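> Contents are PDB, C-alpha atoms and all ligand atoms; file name input.pdb:
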MODEL        1
ATOM      1  CA  MET G 906      39.775  78.373  83.021  1.00  0.00           C
ATOM      2  CA  LYS G 907      37.621  81.245  81.753  1.00  0.00           C
ATOM      3  CA  PRO G 908      34.562  81.747  83.980  1.00  0.00           C
ATOM      4  CA  ILE G 909      31.228  80.590  82.596  1.00  0.00           C
ATOM      5  CA  SER G 910      28.286  82.992  82.554  1.00  0.00           C
ATOM      6  CA  ILE G 911      24.595  82.188  82.384  1.00  0.00           C
ATOM      7  CA  ALA G 912      22.392  85.202  81.613  1.00  0.00           C
ATOM      8  CA  ILE G 913      18.731  85.010  82.587  1.00  0.00           C
ATOM      9  CA  ASP G 914      16.501  87.904  81.549  1.00  0.00           C
ATOM     10  CA  GLY G 915      12.768  88.364  81.586  1.00  0.00           C
ATOM     11  CA  PRO G 916       9.856  90.336  83.028  1.00  0.00           C
ATOM     12  CA  SER G 917       9.169  90.617  86.749  1.00  0.00           C
ATOM     13  CA  GLY G 918       7.405  87.689  88.347  1.00  0.00           C
ATOM     14  CA  ALA G 919       8.533  85.063  85.811  1.00  0.00           C
ATOM     15  CA  GLY G 920      10.403  83.177  88.561  1.00  0.00           C
ATOM     16  CA  LYS G 921      13.851  84.356  87.484  1.00  0.00           C
ATOM     17  CA  SER G 922      15.392  84.833  90.912  1.00  0.00           C
ATOM     18  CA  THR G 923      14.145  81.603  92.513  1.00  0.00           C
ATOM     19  CA  LEU G 924      15.173  79.565  89.477  1.00  0.00           C
ATOM     20  CA  ALA G 925      18.475  81.377  88.947  1.00  0.00           C
ATOM     21  CA  ARG G 926      19.433  80.911  92.604  1.00  0.00           C
ATOM     22  CA  SER G 927      18.610  77.228  92.546  1.00  0.00           C
ATOM     23  CA  VAL G 928      20.382  76.595  89.214  1.00  0.00           C
ATOM     24  CA  ALA G 929      23.470  78.481  90.504  1.00  0.00           C
ATOM     25  CA  ALA G 930      23.560  76.271  93.616  1.00  0.00           C
ATOM     26  CA  LYS G 931      23.367  73.130  91.450  1.00  0.00           C
ATOM     27  CA  LEU G 932      26.191  74.333  89.202  1.00  0.00           C
ATOM     28  CA  GLY G 933      28.309  75.724  92.051  1.00  0.00           C
ATOM     29  CA  PHE G 934      28.240  79.182  90.430  1.00  0.00           C
ATOM     30  CA  LEU G 935      27.757  82.566  92.051  1.00  0.00           C
ATOM     31  CA  TYR G 936      24.186  83.847  91.840  1.00  0.00           C
ATOM     32  CA  VAL G 937      23.936  87.552  90.999  1.00  0.00           C
ATOM     33  CA  ASP G 938      20.548  89.230  91.337  1.00  0.00           C
ATOM     34  CA  THR G 939      21.052  92.516  89.459  1.00  0.00           C
ATOM     35  CA  GLY G 940      17.537  93.751  90.310  1.00  0.00           C
ATOM     36  CA  ALA G 941      18.660  93.866  93.958  1.00  0.00           C
ATOM     37  CA  ILE G 942      21.472  96.255  92.988  1.00  0.00           C
ATOM     38  CA  TYR G 943      18.998  98.658  91.313  1.00  0.00           C
ATOM     39  CA  ARG G 944      16.724  98.272  94.321  1.00  0.00           C
ATOM     40  CA  THR G 945      19.538  99.291  96.681  1.00  0.00           C
ATOM     41  CA  ILE G 946      20.058 102.492  94.719  1.00  0.00           C
ATOM     42  CA  ALA G 947      16.292 103.122  94.870  1.00  0.00           C
ATOM     43  CA  TYR G 948      16.296 102.489  98.622  1.00  0.00           C
ATOM     44  CA  ASP G 949      19.146 104.975  99.073  1.00  0.00           C
ATOM     45  CA  VAL G 950      17.284 107.592  97.010  1.00  0.00           C
ATOM     46  CA  LEU G 951      14.163 107.201  99.187  1.00  0.00           C
ATOM     47  CA  GLN G 952      16.110 107.189 102.469  1.00  0.00           C
ATOM     48  CA  ARG G 953      17.840 110.419 101.563  1.00  0.00           C
ATOM     49  CA  GLY G 954      14.626 112.100 100.515  1.00  0.00           C
ATOM     50  CA  ILE G 955      15.769 112.567  96.912  1.00  0.00           C
ATOM     51  CA  ASP G 956      12.923 112.882  94.396  1.00  0.00           C
ATOM     52  CA  PRO G 957      13.190 109.715  92.214  1.00  0.00           C
ATOM     53  CA  GLY G 958      11.885 111.747  89.255  1.00  0.00           C
ATOM     54  CA  ASP G 959      14.823 114.166  89.521  1.00  0.00           C
ATOM     55  CA  GLU G 960      17.390 112.400  87.331  1.00  0.00           C
ATOM     56  CA  ALA G 961      20.209 114.878  88.039  1.00  0.00           C
ATOM     57  CA  ALA G 962      19.723 114.595  91.819  1.00  0.00           C
ATOM     58  CA  VAL G 963      19.650 110.777  91.638  1.00  0.00           C
ATOM     59  CA  LEU G 964      22.912 110.734  89.641  1.00  0.00           C
ATOM     60  CA  ALA G 965      24.565 113.290  91.934  1.00  0.00           C
ATOM     61  CA  GLY G 966      23.840 111.030  94.912  1.00  0.00           C
ATOM     62  CA  LEU G 967      25.514 107.911  93.456  1.00  0.00           C
ATOM     63  CA  PRO G 968      29.144 108.647  94.455  1.00  0.00           C
ATOM     64  CA  GLN G 969      28.074 109.028  98.088  1.00  0.00           C
ATOM     65  CA  LEU G 970      26.582 105.564  98.203  1.00  0.00           C
ATOM     66  CA  ARG G 971      28.844 102.684  99.231  1.00  0.00           C
ATOM     67  CA  LEU G 972      27.176  99.767  97.477  1.00  0.00           C
ATOM     68  CA  GLU G 973      28.389  96.260  98.304  1.00  0.00           C
ATOM     69  CA  LEU G 974      27.224  92.801  97.529  1.00  0.00           C
ATOM     70  CA  SER G 975      28.144  89.820  99.656  1.00  0.00           C
ATOM     71  CA  HIS G 976      27.335  86.139  99.514  1.00  0.00           C
ATOM     72  CA  GLY G 977      26.728  84.030 102.604  1.00  0.00           C
ATOM     73  CA  ALA G 978      27.694  80.364 102.885  1.00  0.00           C
ATOM     74  CA  ASP G 979      24.036  79.663 101.968  1.00  0.00           C
ATOM     75  CA  GLY G 980      24.641  81.229  98.533  1.00  0.00           C
ATOM     76  CA  LEU G 981      22.190  84.021  99.292  1.00  0.00           C
ATOM     77  CA  GLN G 982      23.073  87.449  98.006  1.00  0.00           C
ATOM     78  CA  HIS G 983      23.039  90.227 100.587  1.00  0.00           C
ATOM     79  CA  MET G 984      22.977  93.904  99.685  1.00  0.00           C
ATOM     80  CA  LEU G 985      24.845  96.390 101.816  1.00  0.00           C
ATOM     81  CA  ARG G 986      24.210 100.138 101.804  1.00  0.00           C
ATOM     82  CA  ASN G 987      27.063 101.977 103.506  1.00  0.00           C
ATOM     83  CA  GLY G 988      27.789  98.811 105.476  1.00  0.00           C
ATOM     84  CA  GLU G 989      24.160  98.210 106.518  1.00  0.00           C
ATOM     85  CA  ASP G 990      22.401  95.020 105.355  1.00  0.00           C
ATOM     86  CA  VAL G 991      19.310  96.181 103.422  1.00  0.00           C
ATOM     87  CA  THR G 992      18.464  92.809 101.807  1.00  0.00           C
ATOM     88  CA  ASP G 993      14.934  92.720 103.280  1.00  0.00           C
ATOM     89  CA  ALA G 994      14.169  96.446 103.164  1.00  0.00           C
ATOM     90  CA  ILE G 995      14.699  96.635  99.386  1.00  0.00           C
ATOM     91  CA  ARG G 996      11.724  94.282  98.800  1.00  0.00           C
ATOM     92  CA  LEU G 997       9.121  96.849  99.956  1.00  0.00           C
ATOM     93  CA  PRO G 998       6.603  97.892  97.232  1.00  0.00           C
ATOM     94  CA  GLU G 999       7.664 101.570  97.317  1.00  0.00           C
ATOM     95  CA  VAL G1000      11.241 100.487  96.618  1.00  0.00           C
ATOM     96  CA  SER G1001      10.018  98.371  93.641  1.00  0.00           C
ATOM     97  CA  MET G1002       8.275 101.381  92.106  1.00  0.00           C
ATOM     98  CA  CYS G1003      11.271 103.654  92.714  1.00  0.00           C
ATOM     99  CA  ALA G1004      13.673 101.027  91.253  1.00  0.00           C
ATOM    100  CA  SER G1005      11.543 100.934  88.123  1.00  0.00           C
ATOM    101  CA  VAL G1006      11.982 104.724  87.768  1.00  0.00           C
ATOM    102  CA  VAL G1007      15.705 105.070  88.575  1.00  0.00           C
ATOM    103  CA  SER G1008      16.731 102.011  86.531  1.00  0.00           C
ATOM    104  CA  ALA G1009      15.565 103.871  83.399  1.00  0.00           C
ATOM    105  CA  TYR G1010      18.310 106.510  83.843  1.00  0.00           C
ATOM    106  CA  PRO G1011      21.281 105.813  81.526  1.00  0.00           C
ATOM    107  CA  GLY G1012      23.659 107.271  84.150  1.00  0.00           C
ATOM    108  CA  VAL G1013      22.458 104.773  86.752  1.00  0.00           C
ATOM    109  CA  ARG G1014      22.833 101.883  84.302  1.00  0.00           C
ATOM    110  CA  SER G1015      26.349 102.790  83.203  1.00  0.00           C
ATOM    111  CA  TYR G1016      27.340 103.304  86.852  1.00  0.00           C
ATOM    112  CA  LEU G1017      26.449  99.650  87.546  1.00  0.00           C
ATOM    113  CA  LEU G1018      27.826  98.147  84.363  1.00  0.00           C
ATOM    114  CA  ASP G1019      31.425  97.725  85.581  1.00  0.00           C
ATOM    115  CA  MET G1020      30.354  96.169  88.852  1.00  0.00           C
ATOM    116  CA  GLN G1021      28.277  93.536  87.057  1.00  0.00           C
ATOM    117  CA  ARG G1022      30.945  92.787  84.445  1.00  0.00           C
ATOM    118  CA  ARG G1023      33.647  92.504  87.106  1.00  0.00           C
ATOM    119  CA  LEU G1024      31.631  89.892  88.983  1.00  0.00           C
ATOM    120  CA  ALA G1025      31.268  87.830  85.799  1.00  0.00           C
ATOM    121  CA  ALA G1026      34.976  88.201  84.989  1.00  0.00           C
ATOM    122  CA  GLU G1027      36.009  86.944  88.424  1.00  0.00           C
ATOM    123  CA  HIS G1028      33.451  84.155  88.954  1.00  0.00           C
ATOM    124  CA  SER G1029      31.309  81.735  87.013  1.00  0.00           C
ATOM    125  CA  VAL G1030      27.891  83.297  87.464  1.00  0.00           C
ATOM    126  CA  VAL G1031      24.196  82.882  86.964  1.00  0.00           C
ATOM    127  CA  MET G1032      23.121  86.511  86.586  1.00  0.00           C
ATOM    128  CA  ASP G1033      19.504  87.563  86.330  1.00  0.00           C
ATOM    129  CA  GLY G1034      18.048  90.885  85.237  1.00  0.00           C
ATOM    130  CA  ARG G1035      16.586  92.639  82.202  1.00  0.00           C
ATOM    131  CA  ASP G1036      19.609  93.423  80.007  1.00  0.00           C
ATOM    132  CA  ILE G1037      22.178  90.789  80.962  1.00  0.00           C
ATOM    133  CA  GLY G1038      22.176  88.938  77.626  1.00  0.00           C
ATOM    134  CA  THR G1039      21.755  92.105  75.551  1.00  0.00           C
ATOM    135  CA  VAL G1040      24.047  94.648  77.250  1.00  0.00           C
ATOM    136  CA  VAL G1041      25.907  93.485  80.360  1.00  0.00           C
ATOM    137  CA  LEU G1042      27.221  90.122  79.131  1.00  0.00           C
ATOM    138  CA  PRO G1043      26.696  89.992  75.349  1.00  0.00           C
ATOM    139  CA  ASP G1044      29.140  87.061  75.191  1.00  0.00           C
ATOM    140  CA  ALA G1045      27.467  85.018  77.932  1.00  0.00           C
ATOM    141  CA  THR G1046      27.939  81.252  77.578  1.00  0.00           C
ATOM    142  CA  VAL G1047      24.179  80.639  77.809  1.00  0.00           C
ATOM    143  CA  LYS G1048      21.360  83.171  77.432  1.00  0.00           C
ATOM    144  CA  ILE G1049      17.852  82.452  78.596  1.00  0.00           C
ATOM    145  CA  TYR G1050      14.759  84.612  78.242  1.00  0.00           C
ATOM    146  CA  LEU G1051      12.411  83.457  80.967  1.00  0.00           C
ATOM    147  CA  THR G1052       8.810  84.512  80.773  1.00  0.00           C
ATOM    148  CA  ALA G1053       5.207  83.563  81.602  1.00  0.00           C
ATOM    149  CA  ARG G1054       1.828  85.125  80.831  1.00  0.00           C
ATOM    150  CA  ALA G1055       1.092  88.237  82.925  1.00  0.00           C
ATOM    151  CA  GLU G1056      -2.048  86.606  84.428  1.00  0.00           C
ATOM    152  CA  GLU G1057      -0.021  83.615  85.622  1.00  0.00           C
ATOM    153  CA  ARG G1058       2.727  85.820  87.048  1.00  0.00           C
ATOM    154  CA  ALA G1059       0.064  87.810  88.924  1.00  0.00           C
ATOM    155  CA  ARG G1060      -1.485  84.597  90.270  1.00  0.00           C
ATOM    156  CA  ARG G1061       1.894  83.389  91.586  1.00  0.00           C
ATOM    157  CA  ARG G1062       2.627  86.769  93.140  1.00  0.00           C
ATOM    158  CA  MET G1063      -0.795  86.754  94.825  1.00  0.00           C
ATOM    159  CA  LEU G1064      -0.094  83.361  96.447  1.00  0.00           C
ATOM    160  CA  GLU G1065       3.334  84.546  97.554  1.00  0.00           C
ATOM    161  CA  LEU G1066       1.891  87.680  99.176  1.00  0.00           C
ATOM    162  CA  GLU G1067      -0.828  85.630 100.890  1.00  0.00           C
ATOM    163  CA  GLN G1068       1.780  83.284 102.344  1.00  0.00           C
ATOM    164  CA  ARG G1069       3.773  86.268 103.589  1.00  0.00           C
ATOM    165  CA  GLY G1070       0.674  87.568 105.365  1.00  0.00           C
ATOM    166  CA  THR G1071       0.468  90.693 103.171  1.00  0.00           C
ATOM    167  CA  PRO G1072      -2.364  89.835 100.732  1.00  0.00           C
ATOM    168  CA  GLN G1073      -3.241  92.137  97.849  1.00  0.00           C
ATOM    169  CA  PRO G1074      -6.158  91.915  95.379  1.00  0.00           C
ATOM    170  CA  TYR G1075      -5.415  90.021  92.133  1.00  0.00           C
ATOM    171  CA  GLU G1076      -6.496  92.919  89.885  1.00  0.00           C
ATOM    172  CA  GLU G1077      -4.104  95.309  91.634  1.00  0.00           C
ATOM    173  CA  ILE G1078      -1.205  92.882  91.310  1.00  0.00           C
ATOM    174  CA  LEU G1079      -1.949  92.290  87.631  1.00  0.00           C
ATOM    175  CA  GLU G1080      -2.096  96.014  86.958  1.00  0.00           C
ATOM    176  CA  ASP G1081       1.213  96.539  88.766  1.00  0.00           C
ATOM    177  CA  ILE G1082       2.848  93.751  86.740  1.00  0.00           C
ATOM    178  CA  ARG G1083       1.544  95.219  83.485  1.00  0.00           C
ATOM    179  CA  ARG G1084       2.792  98.682  84.436  1.00  0.00           C
ATOM    180  CA  ARG G1085       6.253  97.367  85.288  1.00  0.00           C
ATOM    181  CA  ASP G1086       6.349  95.310  82.054  1.00  0.00           C
ATOM    182  CA  TRP G1087       5.530  98.452  80.126  1.00  0.00           C
ATOM    183  CA  ASN G1088       8.198 100.514  81.938  1.00  0.00           C
ATOM    184  CA  ASP G1089      10.863  97.839  81.489  1.00  0.00           C
ATOM    185  CA  THR G1090      10.194  97.266  77.777  1.00  0.00           C
ATOM    186  CA  HIS G1091       9.592 100.877  76.707  1.00  0.00           C
ATOM    187  CA  ARG G1092      12.475 102.732  78.314  1.00  0.00           C
ATOM    188  CA  ALA G1093      15.136 104.092  75.971  1.00  0.00           C
ATOM    189  CA  ALA G1094      18.126 102.774  77.954  1.00  0.00           C
ATOM    190  CA  ALA G1095      18.659  99.006  77.755  1.00  0.00           C
ATOM    191  CA  PRO G1096      14.969  98.032  77.508  1.00  0.00           C
ATOM    192  CA  LEU G1097      13.917  94.507  78.357  1.00  0.00           C
ATOM    193  CA  ARG G1098      13.984  92.368  75.221  1.00  0.00           C
ATOM    194  CA  GLN G1099      15.004  88.877  74.230  1.00  0.00           C
ATOM    195  CA  ALA G1100      18.574  88.752  72.876  1.00  0.00           C
ATOM    196  CA  GLU G1101      18.723  87.252  69.390  1.00  0.00           C
ATOM    197  CA  ASP G1102      20.766  84.313  70.654  1.00  0.00           C
ATOM    198  CA  ALA G1103      18.718  83.747  73.827  1.00  0.00           C
ATOM    199  CA  VAL G1104      16.536  80.678  74.269  1.00  0.00           C
ATOM    200  CA  LEU G1105      12.940  81.410  75.218  1.00  0.00           C
ATOM    201  CA  VAL G1106      11.586  79.480  78.206  1.00  0.00           C
ATOM    202  CA  ASP G1107       7.906  80.052  78.947  1.00  0.00           C
ATOM    203  CA  THR G1108       6.968  78.794  82.415  1.00  0.00           C
ATOM    204  CA  THR G1109       3.222  79.568  82.178  1.00  0.00           C
ATOM    205  CA  ARG G1110       2.357  75.872  82.258  1.00  0.00           C
ATOM    206  CA  LEU G1111       5.385  74.626  84.200  1.00  0.00           C
ATOM    207  CA  ASN G1112       5.786  74.231  87.945  1.00  0.00           C
ATOM    208  CA  PHE G1113       9.057  74.986  89.718  1.00  0.00           C
ATOM    209  CA  GLU G1114      10.599  71.529  89.249  1.00  0.00           C
ATOM    210  CA  GLU G1115       9.656  71.408  85.564  1.00  0.00           C
ATOM    211  CA  SER G1116      11.035  74.894  84.977  1.00  0.00           C
ATOM    212  CA  GLU G1117      14.270  74.043  86.751  1.00  0.00           C
ATOM    213  CA  GLU G1118      14.632  70.844  84.767  1.00  0.00           C
ATOM    214  CA  ALA G1119      14.096  72.735  81.501  1.00  0.00           C
ATOM    215  CA  LEU G1120      16.756  75.290  82.439  1.00  0.00           C
ATOM    216  CA  MET G1121      19.307  72.732  83.611  1.00  0.00           C
ATOM    217  CA  ARG G1122      18.856  70.660  80.456  1.00  0.00           C
ATOM    218  CA  LEU G1123      19.387  73.692  78.292  1.00  0.00           C
ATOM    219  CA  ILE G1124      22.412  74.934  80.246  1.00  0.00           C
ATOM    220  CA  VAL G1125      24.159  71.559  80.304  1.00  0.00           C
ATOM    221  CA  GLU G1126      23.549  71.128  76.550  1.00  0.00           C
ATOM    222  CA  ARG G1127      24.973  74.575  75.754  1.00  0.00           C
ATOM    223  CA  MET G1128      27.968  74.142  78.047  1.00  0.00           C
ATOM    224  CA  ARG G1129      28.874  70.947  76.195  1.00  0.00           C
ATOM    225  CA  GLU G1130      28.876  72.657  72.796  1.00  0.00           C
TER     226      GLU G1130
HETATM  227  O1  LIG Z1201      13.989  92.108  89.152  1.00  0.00           O
HETATM  228  P1  LIG Z1201      13.554  93.173  90.142  1.00  0.00           P
HETATM  229  O2  LIG Z1201      12.065  93.354  90.239  1.00  0.00           O
HETATM  230  O3  LIG Z1201      14.186  93.017  91.489  1.00  0.00           O
HETATM  231  O4  LIG Z1201      14.144  94.535  89.521  1.00  0.00           O
HETATM  232  C1  LIG Z1201      13.940  95.784  90.118  1.00  0.00           C
HETATM  233  C2  LIG Z1201      13.885  96.866  89.048  1.00  0.00           C
HETATM  234  O5  LIG Z1201      15.163  97.034  88.450  1.00  0.00           O
HETATM  235  C3  LIG Z1201      12.889  96.613  87.903  1.00  0.00           C
HETATM  236  O6  LIG Z1201      12.097  97.755  87.709  1.00  0.00           O
HETATM  237  C4  LIG Z1201      13.737  96.401  86.684  1.00  0.00           C
HETATM  238  C5  LIG Z1201      15.073  96.981  87.037  1.00  0.00           C
HETATM  239  N1  LIG Z1201      16.192  96.170  86.520  1.00  0.00           N
HETATM  240  C6  LIG Z1201      16.812  96.605  85.394  1.00  0.00           C
HETATM  241  O7  LIG Z1201      16.425  97.625  84.825  1.00  0.00           O
HETATM  242  N2  LIG Z1201      17.879  95.907  84.892  1.00  0.00           N
HETATM  243  C7  LIG Z1201      18.313  94.796  85.501  1.00  0.00           C
HETATM  244  N3  LIG Z1201      19.361  94.142  84.990  1.00  0.00           N
HETATM  245  C8  LIG Z1201      17.657  94.319  86.654  1.00  0.00           C
HETATM  246  C9  LIG Z1201      16.572  95.034  87.141  1.00  0.00           C
ENDMDL
END
Show the structure stored in the file as structure tokens.

Amino acid sequence: MKPISIAIDGPSGAGKSTLARSVAAKLGFLYVDTGAIYRTIAYDVLQRGIDPGDEAAVLAGLPQLRLELSHGADGLQHMLRNGEDVTDAIRLPEVSMCASVVSAYPGVRSYLLDMQRRLAAEHSVVMDGRDIGTVVLPDATVKIYLTARAEERARRRMLELEQRGTPQPYEEILEDIRRRDWNDTHRAAAPLRQAEDAVLVDTTRLNFEESEEALMRLIVERMRE
């Protein structure tokens, strides 16, 4: 049977990864967090002392990076850089900022395109990112554009950081979210936008369970069609 693909795109902090991971577990599909792949490239750039703003240097470094993705029995996606597990390290704020810069380079995006498409050709996937429904998997079985108001995304991120013991002021978080939204939607290469055939899900007023229920309902309906 042809693998099924669920594409979930949207701005940062909309709850994409938590929801995508949980929906994938329910469906028995592979969860693919494409942001983590861009983050691993960013991490490599920083580790090697390459200037993220130097597009040519970033591209020249790509063939030397052995980038692997593995899934544990728990369904969690681990990122490997030259054999080393960097799953936690790629979440640092400096890596987020660098990922936002290097992901705008067309050469970086095309370098990762095959890898993402191969995963979806070999497995039924729930794949989250910015351009999954528009560029990576234009024929995805179900396309969802998941969003929430910037203020609500900042509030959720603030609570998350507090729980992690690394609090940050609300205004700073909101500004960071707005800056990343702007970067993601204004870049020339594969900007973040809702695919014409994607269903919009706004989680501003929904909690996790309600959001998950909305997604599952939509996915099951579409898969039946
Ligand atoms: O979702 P995230 O915050 O982990 O993504 C990290 C960065 O990578 C973010 O700046 C957007 C970018 N990205 C992208 O350009 N395309 C994707 N499919 C996924 C992420």
> Write as a PyMOL selection string the residues around ligand LIG 1201 (chain Z), taking 9 Å as the cut-off and counting only C-alpha atoms and all ligand atoms.
chain G and resi 914-918+921-922+938-944+947+995-996+1000-1009+1014+1032-1037+1041+1085-1086+1088-1089+1094-1097
> Please, what distance in Å, to one decimal, runs between atom CA of G:Phe1113 and atom CA of G:Arg1129?
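One can read the atom CA of G:Phe1113 to atom CA of G:Arg1129 distance as 24.3 Å.
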> Considering all atoms listed in the file, can you say which of G:Ala1100, G:Leu1120, G:Val1106, G:Ala1059 comes closest to G:Arg1083?
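Comparing G:Ala1100, G:Leu1120, G:Val1106, G:Ala1059 against G:Arg1083, the winner is G:Ala1059.
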> Choose the residue, out of G:Ala994, G:Leu1051, G:Ala962, G:Val1030, that has the smallest atom-to-atom separation from G:Ser910; count only C-alpha atoms.
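Among the listed residues, the smallest separation from G:Ser910 belongs to G:Val1030.
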> Step by step, work through what the PyMOL selection byres (((chain G and resi 1012) around 10) and not hetatm) selects in the shown file, and finish by giving those residues as a list in words.
Glu960, Ala961, Val963, Leu964, Ala965, Leu967, Val1007, Ser1008, Ala1009, Tyr1010, Pro1011, Val1013, Arg1014, Ser1015, Tyr1016, Leu1017 and Ala1094 of chain G
> Could you check how far atom CA of G:Gly1038 sits from atom CA of G:Arg1022, in Å to one decimal?
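Taking atom CA of G:Gly1038 and atom CA of G:Arg1022, their separation equals 11.8 Å.
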> Any idea what's packed within 9 Å of G:Leu1024, counting only C-alpha atoms, ignoring anything in its chain fewer than 5 positions away? Could you give it as a list in words?
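In the requested form, the answer reads Leu935, Val937, Asp1019, Ser1029 and Val1030 of chain G.
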> Mind pulling up the distance from atom CA of G:Leu1042 to atom CA of G:Lys907?
13.9 Å
> Box along x, y and z, 6 Å on every side, all listed atoms of stretch 1095-1107 of chain G inside: centre and edge lengths in Å to one decimal, as AutoDock Vina command-line options.

--center_x 14.3 --center_y 89.2 --center_z 74.2 --size_x 24.9 --size_y 31.5 --size_z 21.6
> Could you list as JSON, numbers by chain every residue that has an atom within 9 Å of (26.1, 99.9, 99.2), using the file's coordinates and counting all atoms listed in the file?
{"G": [942, 945, 946, 949, 970, 971, 972, 973, 974, 984, 985, 986, 987, 988, 989, 990, 991]}
> May I ask which of the residues G:Asp1044, G:Gln1099, G:Ala1026, G:Arg1127 is the closest one to G:Met906, counting only C-alpha atoms?
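Result for the nearest residue to G:Met906: G:Ala1026.
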> Would you translate the PyMOL selection byres (((chain G and resi 1121) around 12) and not hetatm) into the concrete set of residues it matches in this file, as a VMD selection string?
chain G and resid 911 924 to 925 927 to 932 1031 1047 1049 1106 1114 to 1120 1122 to 1128
> Env of G:Lys1048: 7 Å cut, atoms = all atoms listed in the file, seq-sep filter 3 positions within chain, self excluded. Answer as a ChimeraX atom specification.
/G:911-913,1038,1045,1102-1104
> With distances taken over all atoms listed in the file, which of G:Gly920, G:Gly933, G:Gly966, G:Gly954 is nearest to G:Asp979?
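With all atoms listed in the file as the atom set, the closest residue is G:Gly933.
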> Calculated over all atoms listed in the file, which of the candidates G:Ala1025, G:Ile955, G:Ala1053, G:Leu981 has the smallest distance to G:Asp1107?
G:Ala1053
